[in-house]
Amino acid sequence: LPKPQRREAKRQIQRFTKESVFGKYFIRSLLAGVLVLIIFVLSTMFTPLLAIDKITVAGNHRVSDKAVLAALRHRLGTPLPMLNASDVAQDLSKFKLIESISLVSKPPHTLEVRITERTPISIVIRGGTRYLYDPAGVNLGVASGYEKVPTILVTDDPKTSENYKQAIDVLLALPAQLLDRVAYIQAKSKDNVTMQLRGNASQTIIWGDSSDSILKSRVLKALLLKTPGNVRATFDVSSPLTPSVIR
């Protein structure tokens with residue numbers, strides 16, 4: 001080869017050699033970094049570095065801290081990264097008042113369990129006893145008699161009762177201030193939901209089906225404002241565009 005071409009070829013070989021050496025060092029550095037990361041992760045997962053030595057409970061009102069902590073005592077010593085919400089939820093599944101939980105890790109050694117409790121929305125009478133139930137039909141225990149929630153008149157199990165579900169759909173559509181006034185609600189079918197308000201007048205509401213719930217609530221609120229609470233009356237809002245009041 002001519003001398004200029006030999007020099008160019010030599011330059012290309014040197015450049016390629018340098019790039020190859022650089023590439024080798026880069027790959028080795030990358031692998032070393034990955035190895036260090038893996039070692040760190042394994043050290044936190046399988047050593048006492050982040051082992052749980054304290055569990056706290058938040059958000060609970062009816063479920064006692066003591067009972068929850070007793071159910072989770074066997075989790076002490078577990079590394080924080082190794083514990084997930086489904087594990088804790090399984091541990092607490094026997095507490096029917098608990099609807100859901102979430103975990104908050106507070107390194108190095110504290111786990112906070114945040115509890116969302118089920119909210120009673122109704123009373124159902126079963127076997128002559130008044131029980132509190134949540135919207136999903138879960139029995140929350142015997143009512144004390146001081147709860148101001150409506151009684152749903154059903155004869156079958158609220159958890160599987162279609163009539164219970166229809167009644168709940170209507171209750172959830174009511175404004176909070178009106179919900180407190182409902183003494184009884186009954187869904188004989190999906191098209192035939194009726195309510196009775198608290199008070200000596202025993203005012204009755206014919207709701208109909210669960211459609212147009214927002215409009216029905218507004219119309220009913222207006223009708224109630226125009227009718228004294230001590231006057232016996234039946235409010236029919238099953239057709240909210242043509243409501244009626246029967247006295």
# chains A, B, ... in the order shown; residues from 1 in each chain; ligands from 1
>>> residues_around(residues="A:Thr194", least_positions_apart="5", cutoff="8 Å", atoms="only C-alpha atoms", output="number ranges by chain")
A: 185-187, 204-208
>>> write_last_selection(atoms="N, CA, C and O atoms", output="PDB file, in the first residue's frame")
ATOM      1  N   ILE A 185     -87.153   1.417  54.805  1.00  0.00           N
ATOM      2  CA  ILE A 185     -87.162   1.379  53.351  1.00  0.00           C
ATOM      3  C   ILE A 185     -87.381  -0.061  52.918  1.00  0.00           C
ATOM      4  O   ILE A 185     -86.858  -0.993  53.539  1.00  0.00           O
ATOM      5  N   GLN A 186     -88.166  -0.219  51.871  1.00  0.00           N
ATOM      6  CA  GLN A 186     -88.466  -1.569  51.380  1.00  0.00           C
ATOM      7  C   GLN A 186     -88.462  -1.567  49.864  1.00  0.00           C
ATOM      8  O   GLN A 186     -89.032  -0.670  49.228  1.00  0.00           O
ATOM      9  N   ALA A 187     -87.798  -2.562  49.300  1.00  0.00           N
ATOM     10  CA  ALA A 187     -87.801  -2.741  47.851  1.00  0.00           C
ATOM     11  C   ALA A 187     -88.495  -4.069  47.554  1.00  0.00           C
ATOM     12  O   ALA A 187     -87.885  -5.130  47.649  1.00  0.00           O
ATOM     13  N   THR A 204     -94.818   8.886  54.093  1.00  0.00           N
ATOM     14  CA  THR A 204     -94.382   7.811  53.206  1.00  0.00           C
ATOM     15  C   THR A 204     -93.890   8.376  51.877  1.00  0.00           C
ATOM     16  O   THR A 204     -94.419   9.374  51.384  1.00  0.00           O
ATOM     17  N   ILE A 205     -92.887   7.728  51.320  1.00  0.00           N
ATOM     18  CA  ILE A 205     -92.339   8.138  50.025  1.00  0.00           C
ATOM     19  C   ILE A 205     -92.446   6.966  49.060  1.00  0.00           C
ATOM     20  O   ILE A 205     -91.995   5.858  49.353  1.00  0.00           O
ATOM     21  N   ILE A 206     -93.067   7.207  47.914  1.00  0.00           N
ATOM     22  CA  ILE A 206     -93.093   6.221  46.835  1.00  0.00           C
ATOM     23  C   ILE A 206     -91.986   6.612  45.854  1.00  0.00           C
ATOM     24  O   ILE A 206     -92.098   7.616  45.150  1.00  0.00           O
ATOM     25  N   TRP A 207     -90.927   5.842  45.841  1.00  0.00           N
ATOM     26  CA  TRP A 207     -89.740   6.190  45.053  1.00  0.00           C
ATOM     27  C   TRP A 207     -89.777   5.578  43.657  1.00  0.00           C
ATOM     28  O   TRP A 207     -89.270   6.147  42.699  1.00  0.00           O
ATOM     29  N   GLY A 208     -90.348   4.395  43.544  1.00  0.00           N
ATOM     30  CA  GLY A 208     -90.353   3.706  42.255  1.00  0.00           C
ATOM     31  C   GLY A 208     -89.058   2.937  42.051  1.00  0.00           C
ATOM     32  O   GLY A 208     -88.581   2.264  42.954  1.00  0.00           O
TER      33      GLY A 208
END
>>> select_by_dssp(residues="stretch 87-222 of chain A", states="helix (DSSP H, G or I)", output="MDAnalysis selection string")
chainID A and resid 87:91 162:173 176:179 213:222
>>> residues_around(residues="A:Gly137", least_positions_apart="5", cutoff="10 Å", atoms="only C-alpha atoms", output="list in words")
Pro120, Ile121, Ser122, Val124, Leu132, Asp157, Pro158, Lys159, Thr160, Ser161, Tyr164, Lys165 and Ile168 of chain A
>>> closest_atom_pairs(of="stretch 108-224 of chain A", to="stretch 230-236 of chain A", cutoff="12 Å", atoms="only C-alpha atoms", output="JSON lines")
{"residue": "A:Asn192", "atom": "CA", "partner": "A:Asp236", "partner_atom": "CA", "distance": 11.4}
{"residue": "A:Val193", "atom": "CA", "partner": "A:Asp236", "partner_atom": "CA", "distance": 10.8}
{"residue": "A:Thr194", "atom": "CA", "partner": "A:Asp236", "partner_atom": "CA", "distance": 9.3}
{"residue": "A:Met195", "atom": "CA", "partner": "A:Phe235", "partner_atom": "CA", "distance": 9.7}
{"residue": "A:Gln196", "atom": "CA", "partner": "A:Thr234", "partner_atom": "CA", "distance": 9.1}
{"residue": "A:Leu197", "atom": "CA", "partner": "A:Thr234", "partner_atom": "CA", "distance": 10.2}
{"residue": "A:Arg198", "atom": "CA", "partner": "A:Asn230", "partner_atom": "CA", "distance": 10.3}
{"residue": "A:Gly199", "atom": "CA", "partner": "A:Asn230", "partner_atom": "CA", "distance": 7.4}
{"residue": "A:Asn200", "atom": "CA", "partner": "A:Asn230", "partner_atom": "CA", "distance": 6.8}
{"residue": "A:Ala201", "atom": "CA", "partner": "A:Arg232", "partner_atom": "CA", "distance": 4.6}
{"residue": "A:Ser202", "atom": "CA", "partner": "A:Arg232", "partner_atom": "CA", "distance": 6.3}
{"residue": "A:Gln203", "atom": "CA", "partner": "A:Ala233", "partner_atom": "CA", "distance": 5.1}
{"residue": "A:Thr204", "atom": "CA", "partner": "A:Thr234", "partner_atom": "CA", "distance": 4.6}
{"residue": "A:Ile205", "atom": "CA", "partner": "A:Phe235", "partner_atom": "CA", "distance": 4.7}
{"residue": "A:Ile206", "atom": "CA", "partner": "A:Asp236", "partner_atom": "CA", "distance": 4.6}
{"residue": "A:Trp207", "atom": "CA", "partner": "A:Asp236", "partner_atom": "CA", "distance": 6.5}
{"residue": "A:Gly208", "atom": "CA", "partner": "A:Asp236", "partner_atom": "CA", "distance": 8.3}
{"residue": "A:Asp209", "atom": "CA", "partner": "A:Asp236", "partner_atom": "CA", "distance": 11.8}
{"residue": "A:Lys216", "atom": "CA", "partner": "A:Asp236", "partner_atom": "CA", "distance": 9.5}
{"residue": "A:Ser217", "atom": "CA", "partner": "A:Asp236", "partner_atom": "CA", "distance": 11.5}
{"residue": "A:Val219", "atom": "CA", "partner": "A:Asp236", "partner_atom": "CA", "distance": 9.8}
{"residue": "A:Leu220", "atom": "CA", "partner": "A:Phe235", "partner_atom": "CA", "distance": 7.4}
{"residue": "A:Lys221", "atom": "CA", "partner": "A:Phe235", "partner_atom": "CA", "distance": 10.3}
{"residue": "A:Ala222", "atom": "CA", "partner": "A:Phe235", "partner_atom": "CA", "distance": 10.8}
{"residue": "A:Leu223", "atom": "CA", "partner": "A:Phe235", "partner_atom": "CA", "distance": 7.6}
{"residue": "A:Leu224", "atom": "CA", "partner": "A:Phe235", "partner_atom": "CA", "distance": 8.4}
>>> closest_residue(among="A:Arg73, A:Lys96, A:Arg181, A:Lys188", to="A:Leu153", atoms="only C-alpha atoms")
A:Lys188
>>> atom_distance(atom1="atom CA of A:Val104", atom2="atom CA of A:Ala136")
26.7 Å
>>> residues_around(residues="A:Leu179", least_positions_apart="6", cutoff="10 Å", atoms="only C-alpha atoms", output="list in words")
Ile121, Lys148, Val149, Pro150, Val170, Leu171, Leu172, Ala173 and Leu197 of chain A
>>> closest_residue(among="A:Leu69, A:Ala51, A:Leu174, A:Ala58", to="A:Leu92", atoms="only C-alpha atoms")
A:Leu69
>>> residues_around(residues="A:Lys54", least_positions_apart="4", cutoff="8 Å", atoms="only C-alpha atoms", output="NGL selection string")
:A and (76 or 109-111)
>>> write_last_selection(atoms="all heavy atoms", output="compact mmCIF listing (two decimals), in the first residue's frame")
# COMPACT_ATOMS: atom_id res chain seq x y z
N LEU A 76 -43.41 -9.46 62.89
CA LEU A 76 -42.22 -8.81 63.43
C LEU A 76 -40.98 -9.60 63.02
O LEU A 76 -40.95 -10.83 63.09
CB LEU A 76 -42.30 -8.71 64.95
CG LEU A 76 -43.40 -7.79 65.51
CD1 LEU A 76 -43.48 -7.91 67.03
CD2 LEU A 76 -43.17 -6.35 65.10
N HIS A 109 -37.34 0.43 60.57
CA HIS A 109 -37.92 -0.74 61.23
C HIS A 109 -39.41 -0.63 61.57
O HIS A 109 -39.92 -1.48 62.29
CB HIS A 109 -37.15 -1.03 62.53
CG HIS A 109 -35.69 -1.25 62.34
ND1 HIS A 109 -35.18 -2.31 61.63
CD2 HIS A 109 -34.62 -0.52 62.75
CE1 HIS A 109 -33.85 -2.24 61.62
NE2 HIS A 109 -33.49 -1.16 62.28
N THR A 110 -40.12 0.39 61.08
CA THR A 110 -41.51 0.59 61.48
C THR A 110 -42.46 0.39 60.29
O THR A 110 -42.21 0.89 59.20
CB THR A 110 -41.72 1.99 62.08
OG1 THR A 110 -40.89 2.13 63.23
CG2 THR A 110 -43.18 2.19 62.49
N LEU A 111 -43.56 -0.33 60.54
CA LEU A 111 -44.61 -0.52 59.55
C LEU A 111 -45.91 0.07 60.11
O LEU A 111 -46.32 -0.29 61.21
CB LEU A 111 -44.82 -2.01 59.25
CG LEU A 111 -46.00 -2.33 58.32
CD1 LEU A 111 -45.67 -1.90 56.89
CD2 LEU A 111 -46.32 -3.83 58.36
>>> closest_residue(among="A:Leu50, A:Val138, A:Val63, A:Ala176", to="A:Arg114", atoms="only C-alpha atoms")
A:Val63
>>> atom_distance(atom1="atom CA of A:Tyr131", atom2="atom CA of A:Glu117")
16.6 Å
>>> atom_distance(atom1="atom CA of A:Thr155", atom2="atom CA of A:Arg126")
7.6 Å
>>> select_by_dssp(residues="stretch 29-174 of chain A", states="strand (DSSP E or B)", output="MDAnalysis selection string")
chainID A and resid 51 54:58 79 98:106 110:117 122:126 129:133 139:142 151:152
>>> write_last_selection(atoms="N, CA and C atoms", output="compact mmCIF listing (two decimals), in the first residue's frame")
# COMPACT_ATOMS: atom_id res chain seq x y z
N ALA A 51 -35.52 -5.09 59.00
CA ALA A 51 -36.49 -5.96 59.65
C ALA A 51 -37.47 -5.14 60.50
N LYS A 54 -41.43 -2.78 64.84
CA LYS A 54 -42.55 -2.03 65.40
C LYS A 54 -43.66 -1.90 64.37
N ILE A 55 -44.90 -2.18 64.79
CA ILE A 55 -46.08 -2.04 63.93
C ILE A 55 -47.05 -1.08 64.60
N THR A 56 -47.51 -0.09 63.88
CA THR A 56 -48.50 0.85 64.39
C THR A 56 -49.77 0.75 63.57
N VAL A 57 -50.89 1.17 64.14
CA VAL A 57 -52.19 1.08 63.49
C VAL A 57 -52.83 2.47 63.44
N ALA A 58 -53.46 2.82 62.30
CA ALA A 58 -54.10 4.12 62.16
C ALA A 58 -55.43 3.95 61.41
N PRO A 79 -38.46 -8.45 56.86
CA PRO A 79 -37.93 -7.24 56.21
C PRO A 79 -39.06 -6.44 55.55
N ILE A 98 -63.28 -4.50 59.06
CA ILE A 98 -62.26 -3.89 58.21
C ILE A 98 -62.63 -4.07 56.75
N GLU A 99 -62.72 -2.96 56.04
CA GLU A 99 -63.05 -3.01 54.61
C GLU A 99 -61.80 -3.14 53.75
N SER A 100 -60.77 -2.35 54.08
CA SER A 100 -59.52 -2.40 53.32
C SER A 100 -58.38 -1.89 54.19
N ILE A 101 -57.16 -2.19 53.75
CA ILE A 101 -55.98 -1.70 54.47
C ILE A 101 -54.93 -1.22 53.47
N SER A 102 -54.05 -0.37 53.95
CA SER A 102 -52.89 0.04 53.17
C SER A 102 -51.69 0.10 54.10
N LEU A 103 -50.51 -0.07 53.54
CA LEU A 103 -49.29 -0.11 54.33
C LEU A 103 -48.42 1.11 54.05
N VAL A 104 -47.81 1.62 55.09
CA VAL A 104 -46.86 2.71 54.97
C VAL A 104 -45.57 2.27 55.65
N SER A 105 -44.51 2.11 54.85
CA SER A 105 -43.22 1.72 55.40
C SER A 105 -42.50 2.94 55.95
N LYS A 106 -41.98 2.83 57.16
CA LYS A 106 -41.23 3.92 57.79
C LYS A 106 -39.87 3.37 58.19
N THR A 110 -40.12 0.39 61.08
CA THR A 110 -41.51 0.59 61.48
C THR A 110 -42.46 0.39 60.29
N LEU A 111 -43.56 -0.33 60.54
CA LEU A 111 -44.61 -0.52 59.55
C LEU A 111 -45.91 0.07 60.11
N GLU A 112 -46.54 0.96 59.35
CA GLU A 112 -47.84 1.51 59.76
C GLU A 112 -48.93 0.86 58.91
N VAL A 113 -49.94 0.34 59.58
CA VAL A 113 -51.08 -0.28 58.91
C VAL A 113 -52.26 0.69 59.01
N ARG A 114 -52.69 1.21 57.87
CA ARG A 114 -53.82 2.14 57.83
C ARG A 114 -55.08 1.38 57.46
N ILE A 115 -56.08 1.51 58.32
CA ILE A 115 -57.31 0.72 58.19
C ILE A 115 -58.48 1.60 57.75
N THR A 116 -59.25 1.09 56.81
CA THR A 116 -60.53 1.69 56.45
C THR A 116 -61.63 0.75 56.93
N GLU A 117 -62.45 1.23 57.84
CA GLU A 117 -63.49 0.38 58.40
C GLU A 117 -64.78 0.46 57.57
N SER A 122 -77.35 0.70 57.30
CA SER A 122 -78.73 0.24 57.52
C SER A 122 -78.80 -0.74 58.68
N ILE A 123 -80.03 -1.01 59.08
CA ILE A 123 -80.33 -2.05 60.07
C ILE A 123 -81.24 -3.07 59.39
N VAL A 124 -80.96 -4.33 59.61
CA VAL A 124 -81.81 -5.41 59.12
C VAL A 124 -82.18 -6.28 60.31
N ILE A 125 -83.45 -6.59 60.43
CA ILE A 125 -83.92 -7.42 61.54
C ILE A 125 -83.90 -8.88 61.11
N ARG A 126 -83.11 -9.68 61.83
CA ARG A 126 -83.01 -11.11 61.52
C ARG A 126 -83.18 -11.91 62.81
N THR A 129 -83.59 -9.90 66.01
CA THR A 129 -82.48 -9.06 66.46
C THR A 129 -82.13 -8.04 65.38
N ARG A 130 -81.82 -6.82 65.81
CA ARG A 130 -81.48 -5.75 64.89
C ARG A 130 -79.96 -5.73 64.67
N TYR A 131 -79.55 -5.93 63.42
CA TYR A 131 -78.14 -5.96 63.07
C TYR A 131 -77.79 -4.78 62.15
N LEU A 132 -76.57 -4.30 62.31
CA LEU A 132 -76.05 -3.26 61.43
C LEU A 132 -75.43 -3.91 60.19
N TYR A 133 -75.67 -3.28 59.04
CA TYR A 133 -75.11 -3.79 57.79
C TYR A 133 -74.48 -2.64 57.00
N ASN A 139 -72.62 -8.08 57.67
CA ASN A 139 -73.14 -7.91 59.02
C ASN A 139 -72.04 -7.34 59.92
N LEU A 140 -72.32 -6.18 60.53
CA LEU A 140 -71.33 -5.50 61.37
C LEU A 140 -71.62 -5.64 62.86
N GLY A 141 -72.56 -6.50 63.19
CA GLY A 141 -72.85 -6.72 64.61
C GLY A 141 -74.21 -6.18 65.02
N VAL A 142 -74.55 -6.40 66.27
CA VAL A 142 -75.85 -6.00 66.80
C VAL A 142 -75.91 -4.49 66.98
N THR A 151 -83.94 1.24 58.63
CA THR A 151 -84.13 -0.20 58.66
C THR A 151 -84.60 -0.66 57.29
N ILE A 152 -83.88 -1.60 56.69
CA ILE A 152 -84.27 -2.15 55.40
C ILE A 152 -85.09 -3.42 55.66
>>> closest_residue(among="A:Ser244, A:Ile52, A:Asn84, A:Tyr146", to="A:Pro107", atoms="only C-alpha atoms")
A:Ile52
